[in-house]
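The data block below is model25.txt; it holds compact mmCIF, C-alpha atoms.
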# COMPACT_ATOMS: atom_id res chain seq x y z
CA MET A 1388 0.00 0.00 0.00
CA SER A 1389 1.49 3.30 -1.04
CA VAL A 1390 1.57 6.20 1.34
CA SER A 1391 0.87 9.54 -0.22
CA ALA A 1392 3.35 12.29 0.57
CA PRO A 1393 2.04 15.01 2.86
CA ALA A 1394 0.95 18.16 1.12
CA PRO A 1395 3.57 20.90 1.36
CA VAL A 1396 2.75 23.45 4.01
CA SER A 1397 3.04 26.97 2.68
CA PRO A 1398 4.86 29.31 5.08
CA ARG A 1399 2.64 31.81 6.79
CA ARG A 1400 3.21 35.31 5.65
CA ILE A 1401 3.24 38.15 8.10
CA PRO A 1402 0.26 40.34 7.17
CA LYS A 1403 1.29 43.65 5.65
CA VAL A 1404 0.36 46.62 7.80
CA PRO A 1405 -1.34 49.35 5.70
CA PHE A 1406 0.58 52.59 5.42
CA TRP A 1407 -2.13 54.63 7.13
CA ALA A 1408 -2.02 52.23 10.09
CA GLN A 1409 1.75 52.66 10.29
CA ILE A 1410 1.29 56.43 10.47
CA VAL A 1411 -1.34 56.12 13.20
CA ALA A 1412 0.94 53.81 15.15
CA GLY A 1413 3.73 56.37 14.77
CA LEU A 1414 1.45 59.11 16.09
CA VAL A 1415 0.49 57.09 19.17
CA LEU A 1416 4.07 56.00 19.89
CA GLY A 1417 5.31 59.57 19.41
CA VAL A 1418 2.79 60.94 21.92
CA VAL A 1419 3.74 58.26 24.46
CA LEU A 1420 7.50 58.80 24.06
CA GLY A 1421 7.08 62.57 24.15
CA TRP A 1422 5.05 62.35 27.35
CA ILE A 1423 7.65 60.06 28.94
CA THR A 1424 10.46 62.41 27.89
CA ARG A 1425 8.79 65.47 29.37
CA SER A 1426 7.37 63.81 32.49
CA TYR A 1427 10.53 61.96 33.53
CA ASP A 1428 13.18 64.25 31.98
CA VAL A 1429 14.97 61.75 29.71
CA PRO A 1430 17.63 63.80 27.84
CA TRP A 1431 18.81 61.04 25.50
CA LEU A 1432 15.24 60.30 24.38
CA TYR A 1433 14.60 64.01 23.85
CA THR A 1434 17.70 64.25 21.64
CA THR A 1435 16.78 61.08 19.75
CA LEU A 1436 13.25 62.29 18.97
CA ASP A 1437 14.62 65.66 17.86
CA LYS A 1438 17.19 64.08 15.53
CA VAL A 1439 14.78 61.53 14.04
CA GLY A 1440 12.18 64.19 13.23
CA HIS A 1441 14.80 66.64 11.96
CA ILE A 1442 16.41 64.08 9.64
CA PHE A 1443 13.02 63.10 8.18
CA VAL A 1444 12.12 66.73 7.43
CA GLN A 1445 15.59 67.37 5.96
CA LEU A 1446 15.22 64.37 3.65
CA LEU A 1447 11.91 65.77 2.44
CA LYS A 1448 13.38 69.23 1.93
CA LEU A 1449 16.39 67.80 0.07
CA ALA A 1450 14.24 67.09 -2.97
CA VAL A 1451 12.03 70.19 -2.73
CA ALA A 1452 13.96 72.56 -5.03
CA PRO A 1453 14.51 70.22 -8.02
CA LEU A 1454 11.13 68.57 -7.49
CA VAL A 1455 9.25 71.88 -7.68
CA PHE A 1456 11.23 73.03 -10.74
CA PHE A 1457 10.76 69.88 -12.81
CA ALA A 1458 7.18 69.29 -11.61
CA ILE A 1459 6.07 72.78 -12.68
CA LEU A 1460 8.03 72.57 -15.94
CA VAL A 1461 6.57 69.18 -16.87
CA SER A 1462 3.06 70.12 -15.69
CA ILE A 1463 2.96 73.20 -17.92
CA THR A 1464 4.22 71.29 -20.95
CA ASN A 1465 1.76 68.46 -20.26
CA LEU A 1466 -1.07 70.91 -20.83
CA ARG A 1467 -0.35 70.60 -24.54
CA LYS A 1468 -1.80 67.07 -24.31
CA VAL A 1469 -5.09 68.36 -22.87
CA ASN A 1470 -7.89 69.81 -24.91
CA ASN A 1471 -9.10 73.20 -23.67
CA ALA A 1472 -5.99 73.53 -21.49
CA ALA A 1473 -6.49 77.26 -20.97
CA ARG A 1474 -10.03 76.64 -19.76
CA LEU A 1475 -8.87 73.97 -17.29
CA ALA A 1476 -6.08 76.21 -15.98
CA SER A 1477 -8.41 79.19 -15.50
CA ARG A 1478 -11.08 77.07 -13.81
CA THR A 1479 -8.44 75.61 -11.47
CA LEU A 1480 -7.25 79.07 -10.47
CA LEU A 1481 -10.86 80.24 -10.01
CA TRP A 1482 -11.67 77.38 -7.63
CA PHE A 1483 -8.42 77.96 -5.74
CA MET A 1484 -9.62 81.51 -5.11
CA ILE A 1485 -13.22 80.52 -4.25
CA THR A 1486 -12.19 77.94 -1.66
CA SER A 1487 -9.59 80.31 -0.18
CA LEU A 1488 -12.24 83.00 0.21
CA ILE A 1489 -14.59 80.59 1.98
CA ALA A 1490 -11.75 79.48 4.29
CA VAL A 1491 -10.75 83.02 5.25
CA VAL A 1492 -14.38 83.92 6.01
CA ILE A 1493 -14.59 80.93 8.36
CA GLY A 1494 -11.37 82.07 10.05
CA LEU A 1495 -12.68 85.61 10.51
CA VAL A 1496 -16.02 84.44 11.89
CA LEU A 1497 -14.34 82.11 14.40
CA GLY A 1498 -11.99 84.89 15.50
CA LEU A 1499 -14.82 87.38 16.00
CA LEU A 1500 -16.92 84.87 17.94
CA THR A 1501 -14.21 83.56 20.27
CA ASP A 1502 -11.79 86.49 20.88
CA PRO A 1503 -8.68 84.26 20.79
CA GLY A 1504 -6.39 86.96 22.25
CA ALA A 1505 -8.47 87.53 25.37
CA GLY A 1506 -7.39 86.01 28.67
CA THR A 1507 -4.03 84.70 27.48
CA GLY A 1508 -1.95 86.83 29.82
CA LEU A 1509 0.28 87.79 26.89
CA THR A 1510 1.41 91.40 26.38
CA PRO A 1511 3.15 93.23 23.51
CA LYS A 1512 6.45 92.75 25.38
CA ASP A 1513 6.14 89.00 24.79
CA GLY A 1514 6.33 89.56 21.04
CA LYS A 1515 9.40 89.60 18.87
CA LYS A 1516 9.87 90.90 15.35
CA PRO A 1517 10.75 88.12 12.88
CA GLU A 1518 14.07 88.16 11.04
CA ASN A 1519 12.37 87.79 7.65
CA ALA A 1520 9.21 89.78 7.07
CA GLY A 1521 7.04 89.77 3.98
CA SER A 1522 5.69 92.83 2.18
CA TRP A 1523 3.89 93.34 -1.10
CA LEU A 1524 6.99 95.00 -2.60
CA ASP A 1525 9.20 92.10 -1.51
CA PHE A 1526 6.59 89.65 -2.73
CA LEU A 1527 6.39 91.19 -6.20
CA THR A 1528 10.08 91.96 -6.69
CA GLY A 1529 11.18 88.74 -4.98
CA ILE A 1530 9.56 86.57 -7.63
CA ILE A 1531 12.34 87.33 -10.13
CA PRO A 1532 15.70 85.80 -9.08
CA THR A 1533 19.02 87.60 -9.47
CA ASP A 1534 20.65 84.39 -10.75
CA VAL A 1535 19.63 80.80 -11.47
CA ILE A 1536 21.61 79.18 -8.64
CA THR A 1537 20.64 81.09 -5.49
CA PRO A 1538 16.93 80.12 -5.48
CA PHE A 1539 17.98 76.45 -5.30
CA THR A 1540 20.64 76.92 -2.63
CA GLU A 1541 18.43 79.17 -0.47
CA LEU A 1542 15.24 77.20 -1.24
CA ASN A 1543 13.27 80.19 -2.51
CA VAL A 1544 10.34 78.20 -3.88
CA LEU A 1545 8.55 81.21 -5.37
CA GLN A 1546 11.55 82.07 -7.56
CA ILE A 1547 11.94 78.40 -8.54
CA VAL A 1548 8.29 78.36 -9.62
CA PHE A 1549 8.87 81.50 -11.70
CA MET A 1550 11.88 80.01 -13.50
CA ALA A 1551 10.07 76.72 -14.10
CA ALA A 1552 7.01 78.53 -15.49
CA VAL A 1553 9.18 80.57 -17.88
CA ALA A 1554 11.03 77.44 -18.99
CA GLY A 1555 7.77 75.55 -19.48
CA ILE A 1556 6.16 78.31 -21.56
CA ALA A 1557 9.34 78.63 -23.64
CA ALA A 1558 9.31 74.87 -24.24
CA LEU A 1559 5.70 75.07 -25.43
CA LYS A 1560 6.65 77.82 -27.86
CA LEU A 1561 9.59 75.83 -29.23
CA GLY A 1562 7.42 72.82 -29.94
CA GLU A 1563 9.20 69.70 -31.19
CA ARG A 1564 12.63 71.30 -30.87
CA ALA A 1565 12.23 71.24 -27.07
CA GLN A 1566 11.34 67.53 -26.95
CA PRO A 1567 14.82 66.33 -25.86
CA ILE A 1568 14.72 68.73 -22.91
CA LEU A 1569 11.19 67.64 -22.00
CA THR A 1570 12.18 63.97 -22.15
CA PHE A 1571 15.09 64.71 -19.84
CA ALA A 1572 12.88 66.71 -17.47
CA GLU A 1573 10.29 63.91 -17.28
CA SER A 1574 13.03 61.35 -16.54
CA VAL A 1575 14.52 63.53 -13.78
CA LEU A 1576 11.05 64.07 -12.30
CA GLU A 1577 10.43 60.32 -12.23
CA LEU A 1578 13.80 59.80 -10.55
CA LEU A 1579 13.09 62.45 -7.91
CA GLN A 1580 9.63 61.08 -7.20
CA LYS A 1581 11.00 57.55 -6.86
CA ALA A 1582 13.64 58.73 -4.38
CA LEU A 1583 11.04 60.74 -2.48
CA TRP A 1584 8.79 57.67 -2.25
CA TRP A 1585 11.59 55.97 -0.33
CA VAL A 1586 11.65 58.91 2.07
CA ILE A 1587 7.86 58.79 2.38
CA ARG A 1588 8.10 55.14 3.38
CA LEU A 1589 10.03 56.40 6.42
CA ALA A 1590 7.11 58.62 7.44
CA PRO A 1591 5.97 56.35 10.33
CA ILE A 1592 9.45 56.65 11.88
CA GLY A 1593 9.54 60.38 11.17
CA THR A 1594 6.12 60.68 12.79
CA VAL A 1595 7.44 59.23 16.05
CA GLY A 1596 10.24 61.81 16.11
CA LEU A 1597 8.19 64.84 15.07
CA ILE A 1598 5.20 64.24 17.34
CA GLY A 1599 7.35 63.02 20.22
CA TYR A 1600 9.61 66.06 20.04
CA ALA A 1601 6.62 68.43 19.86
CA ILE A 1602 5.12 66.94 23.02
CA ALA A 1603 8.48 66.84 24.82
CA GLU A 1604 9.42 70.40 23.83
CA TYR A 1605 6.14 72.24 24.22
CA GLY A 1606 4.10 70.06 26.54
CA TRP A 1607 0.48 70.84 27.31
CA HIS A 1608 0.95 74.04 29.34
CA LEU A 1609 1.93 76.04 26.27
CA ILE A 1610 -1.07 74.79 24.35
CA GLY A 1611 -3.17 75.74 27.37
CA LYS A 1612 -2.00 79.35 27.20
CA TYR A 1613 -3.00 79.48 23.53
CA ALA A 1614 -6.00 77.19 24.05
CA THR A 1615 -8.62 79.36 22.31
CA PHE A 1616 -6.36 80.26 19.39
CA THR A 1617 -5.22 76.64 18.93
CA ALA A 1618 -8.80 75.39 19.11
CA ASP A 1619 -9.89 78.04 16.58
CA VAL A 1620 -7.23 76.95 14.07
CA TYR A 1621 -8.08 73.26 14.43
CA ILE A 1622 -11.84 73.84 14.40
CA GLY A 1623 -11.57 76.21 11.42
CA CYS A 1624 -9.48 73.73 9.45
CA ALA A 1625 -11.82 70.87 10.40
CA LEU A 1626 -14.85 72.90 9.26
CA VAL A 1627 -13.18 73.46 5.89
CA ILE A 1628 -12.01 69.86 5.41
CA PHE A 1629 -15.09 68.06 6.74
CA GLY A 1630 -17.74 70.71 6.12
CA VAL A 1631 -16.99 72.95 3.15
CA TYR A 1632 -15.15 70.40 1.01
CA PRO A 1633 -17.81 67.65 1.30
CA LEU A 1634 -20.51 70.23 0.55
CA LEU A 1635 -18.69 71.33 -2.61
CA LEU A 1636 -18.16 67.72 -3.67
CA ALA A 1637 -21.83 66.88 -3.18
CA THR A 1638 -23.34 70.02 -4.74
CA VAL A 1639 -20.77 71.22 -7.30
CA ALA A 1640 -18.95 68.06 -8.36
CA LYS A 1641 -22.00 65.86 -7.59
CA VAL A 1642 -19.91 62.96 -6.29
CA ASN A 1643 -19.83 61.04 -3.01
CA PRO A 1644 -17.71 63.01 -0.48
CA LEU A 1645 -16.85 59.86 1.50
CA GLN A 1646 -15.11 58.41 -1.54
CA PHE A 1647 -12.93 61.51 -1.74
CA PHE A 1648 -11.68 60.98 1.79
CA LYS A 1649 -11.14 57.27 1.17
CA GLY A 1650 -8.87 58.14 -1.73
CA ALA A 1651 -7.23 61.33 -0.44
CA TRP A 1652 -6.75 60.40 3.22
CA PRO A 1653 -3.16 59.04 2.87
CA ALA A 1654 -1.99 62.42 1.48
CA ILE A 1655 -3.89 64.38 4.15
CA GLN A 1656 -2.41 62.14 6.83
CA LEU A 1657 1.17 62.51 5.55
CA ALA A 1658 0.73 66.28 5.28
CA PHE A 1659 -0.31 66.43 8.93
CA VAL A 1660 2.90 64.68 9.93
CA SER A 1661 5.42 66.21 7.51
CA ARG A 1662 4.05 69.79 7.58
CA SER A 1663 5.12 70.19 3.95
CA SER A 1664 2.77 70.48 0.96
CA VAL A 1665 5.66 70.08 -1.47
CA GLY A 1666 7.06 67.09 0.40
CA THR A 1667 3.63 65.45 0.23
CA MET A 1668 3.18 66.29 -3.47
CA PRO A 1669 4.04 62.83 -4.91
CA VAL A 1670 1.39 61.26 -2.68
CA THR A 1671 -1.10 64.01 -3.54
CA VAL A 1672 -0.51 63.37 -7.25
CA LYS A 1673 -1.13 59.63 -6.84
CA VAL A 1674 -4.30 59.99 -4.77
CA THR A 1675 -5.69 62.58 -7.18
CA GLU A 1676 -5.06 60.25 -10.13
CA ARG A 1677 -6.69 57.41 -8.21
CA LEU A 1678 -9.72 59.61 -7.66
CA GLY A 1679 -10.24 59.57 -11.42
CA VAL A 1680 -8.66 62.88 -12.44
CA PRO A 1681 -6.82 62.50 -15.78
CA LYS A 1682 -3.07 62.19 -15.36
CA GLU A 1683 -2.28 65.05 -17.74
CA TYR A 1684 -4.47 67.46 -15.80
CA THR A 1685 -3.33 66.16 -12.40
CA SER A 1686 0.32 66.72 -13.33
CA PHE A 1687 -0.52 70.41 -13.78
CA ALA A 1688 -3.08 71.07 -11.05
CA VAL A 1689 -1.37 69.38 -8.08
CA PRO A 1690 2.14 70.93 -8.45
CA PHE A 1691 0.48 74.28 -9.11
CA GLY A 1692 -1.63 73.83 -6.00
CA ALA A 1693 1.29 72.64 -3.85
CA THR A 1694 2.92 76.05 -4.28
CA THR A 1695 -0.13 78.33 -4.34
CA LYS A 1696 -3.18 76.59 -2.79
CA MET A 1697 -3.01 77.15 0.98
CA ASP A 1698 -6.43 77.26 2.67
CA GLY A 1699 -4.85 76.47 6.04
CA CYS A 1700 -1.63 78.51 6.02
CA ALA A 1701 -2.81 81.42 3.87
CA ALA A 1702 -6.50 81.79 4.74
CA ILE A 1703 -7.69 80.44 8.10
CA TYR A 1704 -4.44 80.98 10.00
CA PRO A 1705 -3.59 84.60 9.03
CA ALA A 1706 -7.22 85.65 9.60
CA LEU A 1707 -7.23 84.24 13.13
CA ALA A 1708 -3.66 85.38 13.83
CA ALA A 1709 -4.42 88.96 12.77
CA ILE A 1710 -7.38 89.11 15.17
CA PHE A 1711 -5.31 87.49 17.93
CA ILE A 1712 -2.40 89.93 17.52
CA ALA A 1713 -4.71 92.94 17.23
CA GLN A 1714 -6.31 92.02 20.56
CA ILE A 1715 -2.92 91.60 22.28
CA PHE A 1716 -1.71 94.97 20.99
CA ASP A 1717 -5.13 96.59 21.62
CA VAL A 1718 -5.68 97.58 17.98
CA GLN A 1719 -9.24 97.88 16.74
CA LEU A 1720 -10.05 96.18 13.44
CA GLY A 1721 -12.95 97.35 11.29
CA VAL A 1722 -14.75 96.20 8.16
CA LYS A 1723 -11.97 97.62 5.95
CA GLU A 1724 -9.32 95.56 7.77
CA TYR A 1725 -11.38 92.38 7.51
CA LEU A 1726 -11.80 92.92 3.77
CA LEU A 1727 -8.04 93.45 3.46
CA ILE A 1728 -7.40 90.16 5.27
CA ALA A 1729 -9.66 88.39 2.76
CA LEU A 1730 -7.93 90.12 -0.16
CA VAL A 1731 -4.45 89.20 1.04
CA SER A 1732 -5.50 85.59 1.64
CA VAL A 1733 -6.97 85.15 -1.83
CA ILE A 1734 -4.21 86.94 -3.77
CA GLY A 1735 -1.08 86.46 -1.68
CA SER A 1736 -1.27 82.75 -0.86
CA ALA A 1737 1.60 81.97 -3.24
CA ALA A 1738 3.90 83.65 -0.70
CA THR A 1739 3.68 80.54 1.50
CA ALA A 1740 5.32 78.50 -1.29
CA GLY A 1741 4.42 75.09 0.07
CA LEU A 1742 7.09 74.98 2.79
CA THR A 1743 6.65 74.29 6.49
CA GLY A 1744 5.38 77.31 8.36
CA ALA A 1745 3.38 80.36 7.29
CA THR A 1746 5.45 83.21 8.73
CA VAL A 1747 5.87 85.01 5.41
CA MET A 1748 2.13 84.99 4.76
CA LEU A 1749 1.42 86.21 8.28
CA THR A 1750 3.90 89.08 8.05
CA LEU A 1751 2.44 89.99 4.66
CA THR A 1752 -1.01 90.19 6.26
CA LEU A 1753 0.19 92.17 9.28
CA SER A 1754 2.14 94.67 7.17
CA THR A 1755 -0.91 95.22 4.94
CA LEU A 1756 -3.08 95.90 8.01
CA GLY A 1757 -0.43 98.04 9.71
CA LEU A 1758 -0.27 95.69 12.72
CA PRO A 1759 3.02 95.32 14.65
CA LEU A 1760 5.24 92.61 13.18
CA GLU A 1761 6.40 91.84 16.71
CA GLY A 1762 3.13 89.98 17.01
CA VAL A 1763 4.61 87.16 14.93
CA GLY A 1764 6.88 86.30 17.86
CA LEU A 1765 3.84 85.61 20.02
CA LEU A 1766 2.90 82.66 17.80
CA MET A 1767 6.29 81.15 16.96
CA ALA A 1768 6.37 78.79 19.94
CA ILE A 1769 3.00 77.25 19.12
CA ASP A 1770 3.55 77.26 15.33
CA PRO A 1771 4.65 73.61 14.87
CA VAL A 1772 1.50 72.37 16.60
CA LEU A 1773 -0.69 74.57 14.40
CA ASP A 1774 1.22 73.83 11.22
CA MET A 1775 0.26 70.16 11.22
CA MET A 1776 -3.46 70.91 10.85
CA ARG A 1777 -2.85 73.84 8.49
CA THR A 1778 -0.82 71.70 6.09
CA ALA A 1779 -3.37 68.88 6.17
CA THR A 1780 -5.99 71.44 5.12
CA ASN A 1781 -3.73 72.74 2.36
CA VAL A 1782 -3.20 69.29 0.86
CA ALA A 1783 -6.88 68.34 1.13
CA GLY A 1784 -7.70 71.44 -0.93
CA GLN A 1785 -4.96 70.65 -3.43
CA ALA A 1786 -6.61 67.29 -4.14
CA LEU A 1787 -10.15 68.65 -3.96
CA VAL A 1788 -9.98 71.34 -6.65
CA PRO A 1789 -8.80 69.02 -9.48
CA VAL A 1790 -11.67 66.66 -8.62
CA ILE A 1791 -14.21 69.50 -8.75
CA VAL A 1792 -12.87 70.92 -12.01
CA ALA A 1793 -12.61 67.47 -13.65
CA ALA A 1794 -16.16 66.61 -12.57
CA ARG A 1795 -17.59 69.87 -13.91
CA GLU A 1796 -15.69 69.48 -17.18
CA LYS A 1797 -16.94 65.88 -17.59
CA ILE A 1798 -13.44 64.37 -17.61
CA LEU A 1799 -13.57 62.68 -14.19
CA ASP A 1800 -13.42 58.88 -14.33
CA LEU A 1801 -16.36 58.09 -12.05
CA ASP A 1802 -15.56 54.37 -11.91
CA ALA A 1803 -12.07 55.13 -10.63
CA TYR A 1804 -13.43 57.73 -8.20
CA ASN A 1805 -16.00 55.37 -6.74
CA SER A 1806 -13.45 52.58 -6.26
CA ALA A 1807 -10.58 54.69 -4.83
CA SER A 1808 -9.59 53.41 -1.42
CA ALA A 1809 -6.15 51.77 -1.39
CA SER A 1810 -3.08 53.35 0.17
CA PRO A 1811 -1.11 55.07 -2.62
CA VAL A 1812 2.25 54.02 -1.17
CA ASP A 1813 1.42 50.32 -1.15
CA GLY A 1814 -0.45 50.50 -4.44
CA TYR A 1815 2.27 52.50 -6.16
CA GLU A 1816 4.87 49.86 -5.43
CA THR A 1817 2.54 47.13 -6.69
CA ARG A 1818 2.07 48.93 -9.99
CA GLU A 1819 5.83 49.49 -10.28
CA ALA A 1820 6.35 45.75 -10.04
CA SER A 1821 3.91 44.98 -12.86
CA PRO A 1822 3.83 47.88 -15.32
CA ALA A 1823 2.22 45.75 -17.98
CA GLN A 1824 -0.97 45.69 -15.96
CA THR A 1825 -1.18 49.45 -15.73
CA PRO A 1826 -3.71 50.82 -18.22
CA ALA A 1827 -2.74 53.79 -20.33
CA PRO A 1828 -4.24 57.05 -19.07
CA ALA A 1829 -7.18 58.39 -21.01
CA LYS A 1830 -6.71 61.63 -22.88
CA ALA A 1831 -8.32 64.48 -20.99
CA THR A 1832 -10.95 66.36 -22.92
CA ALA A 1833 -12.85 69.26 -21.42
CA THR A 1834 -16.29 70.04 -22.71
CA VAL A 1835 -17.41 73.60 -23.24
If you took the structure in this file and wrote it as C-alpha cells, what would it be?
Amino acid sequence: MSVSAPAPVSPRRIPKVPFWAQIVAGLVLGVVLGWITRSYDVPWLYTTLDKVGHIFVQLLKLAVAPLVFFAILVSITNLRKVNNAARLASRTLLWFMITSLIAVVIGLVLGLLTDPGAGTGLTPKDGKKPENAGSWLDFLTGIIPTDVITPFTELNVLQIVFMAAVAGIAALKLGERAQPILTFAESVLELLQKALWWVIRLAPIGTVGLIGYAIAEYGWHLIGKYATFTADVYIGCALVIFGVYPLLLATVAKVNPLQFFKGAWPAIQLAFVSRSSVGTMPVTVKVTERLGVPKEYTSFAVPFGATTKMDGCAAIYPALAAIFIAQIFDVQLGVKEYLLIALVSVIGSAATAGLTGATVMLTLTLSTLGLPLEGVGLLMAIDPVLDMMRTATNVAGQALVPVIVAAREKILDLDAYNSASASPVDGYETREASPAQTPAPAKATATV
C-alpha cells in the first residue's frame, strides 16, 4: 500500500500593515514617548526624537527645489496634451480663489466669535519681530531671481516656480525642438519622485520623532495658554475639510464626499505629519489620479496647487492670527481691515510657497493691516503644533480642486473615483512591479 506524501505546508506570511495604520501607530508611539520624555526628563530620548524628526524633514526638503522646478516645468508642458488647457487652468485658479475666500471667512467668523487673544496673559512685550518679514513689494520683486543658482541653494520656492514657469512656456513655444529637454525633465522628475517615495516610506518613523519632540518640547501648558487660538485653528481647518469640502463635492462636483476621503486620506495624513505640501506632493498626485482625475491634468493642477493653494496657512491661519495679535496689541479692526485680510488671503497665498510654516504669509497680512510685526513672535512657539493641521488642510484642498474641475468638465473617471480606497504608497509599489498591468491614461478632454 502506497503512502501519499504530505501536502507541502506553505509558510505563513506576516500580514502587511497598511501605510495609514503605520502612520497612526507612529502618532500614538510619538505621543507616548514625548510624554515620557517630558514627564521623567529623559535627555537622551529628547535628543533622539529631535534628531529623528529633523532628519526626516531634511530628507523631504532635500528634494524640494529640483522637485518643484521639474514638476512645474513638466506640468505646464503636459497641458499641450489636454484639450481646452487654458479653460482647465483658469477654472483651477478660479476654484483655488473661491475655496480660499470661503476658508478666510470661516477664520474671521471664528476669530470674531471667540476672541482668541483675550485672557491669554500675553502682552506686547512678549512679542518679537521676525528676522524675515514679507511685504507686497518684496513679494512682487522677490519673484524674479538675481541668478539661477541662489533660489535652489536658499530654497526660494517662489523664484523656482517663476523660472520653471518661464522654462515651461518657452518649451511650449519651441514645440518639437524642445522635446529632448522635455524627455530629460520627465526622466529627472520620475527619478526624484521615486527617491522621495523611499523617504515617504520612512514617514511612520519620522512621525514618532516629530510628534514626540513636539510633546516633549512644548508640553500641554503652552497649548493651554494658547488654548482658544489653537482650538480656533483646528476647528476652522476641520470645518473646511469636513464641512466645506464635502458640501462642494456633493453640490458642485456631484460625487460622493466619503469616496474623496477614502482616496485622499493618505496624502492628508502625511501632510499632517510632515508639515510640507511640497514634500507630500508625490502622494497628492497619486491619490488625485486614483480619484479619477486624468493624469495630464493632475500633473498640472497638483504641483500648481502645492505652491499656491493654501487654505490652512494662507486663509484660516492669518485671519485668526491677525485678530489674535490685534487684541494683544489693543488695535481695533474694522470692516476695511477684515476685507483686506480676505484680499491678502486670496491673492497672496503663493507667498507661502508650500514649505513648512506660514510666517511670510502672516507678516504679509500684518504689514498690509499696519499691525506690529512683533506679534509674529507671540505665535512662533505654538507654530509647529498649528502647522500640522494647516498643512493637512492645504493638501486636502490641493486634491479637492482638481476633482471638482474634472467633474464639472466631464473628464472625471467616475468608476475610478467610486473605487478609490487603497493606500497610494502600497499600491504605487505594486504597480511598479507589474507595469504591464497598468492601463494607459485616457486623454483628458474638457467640454465647453
Of the listed residues A:Leu1801, A:Leu1447, A:Val1418, A:Val1772, that which approaches A:Pro1681 most closely, counting all atoms listed in the file: A:Leu1801
Fewer than 2 positions away in the same chain doesn't count, so skip those; otherwise give me all residues within 7 Å of stretch 1700-1717 of chain A, counting all atoms listed in the file, as a PyMOL selection string. chain A and resi 1487+1490-1491+1493-1495+1498+1503-1505+1509-1511+1620+1623+1697-1698+1719+1728+1732+1736+1739+1745+1748-1749+1752-1753+1758+1762+1777-1778
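For the pair atom CA of A:Thr1424 and atom CA of A:Ala1603, the interatomic distance is 5.7 Å.
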Close residues, stretch 1660-1677 of chain A itself excluded, 6 Å, all atoms listed in the file, min 3 positions apart in chain, as an MDAnalysis selection string: chainID A and resid 1447 1594 1650:1651 1654 1657 1680 1682 1693 1741:1743 1775 1778 1786 1807
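When atom CA of A:Ala1614 is paired with atom CA of A:Leu1773, their separation reads 11.3 Å.
Candidate residues A:Ala1640, A:Leu1576, A:Met1550, A:Val1404 were compared for distance to A:Thr1533, and the nearest is A:Met1550, using only C-alpha atoms.
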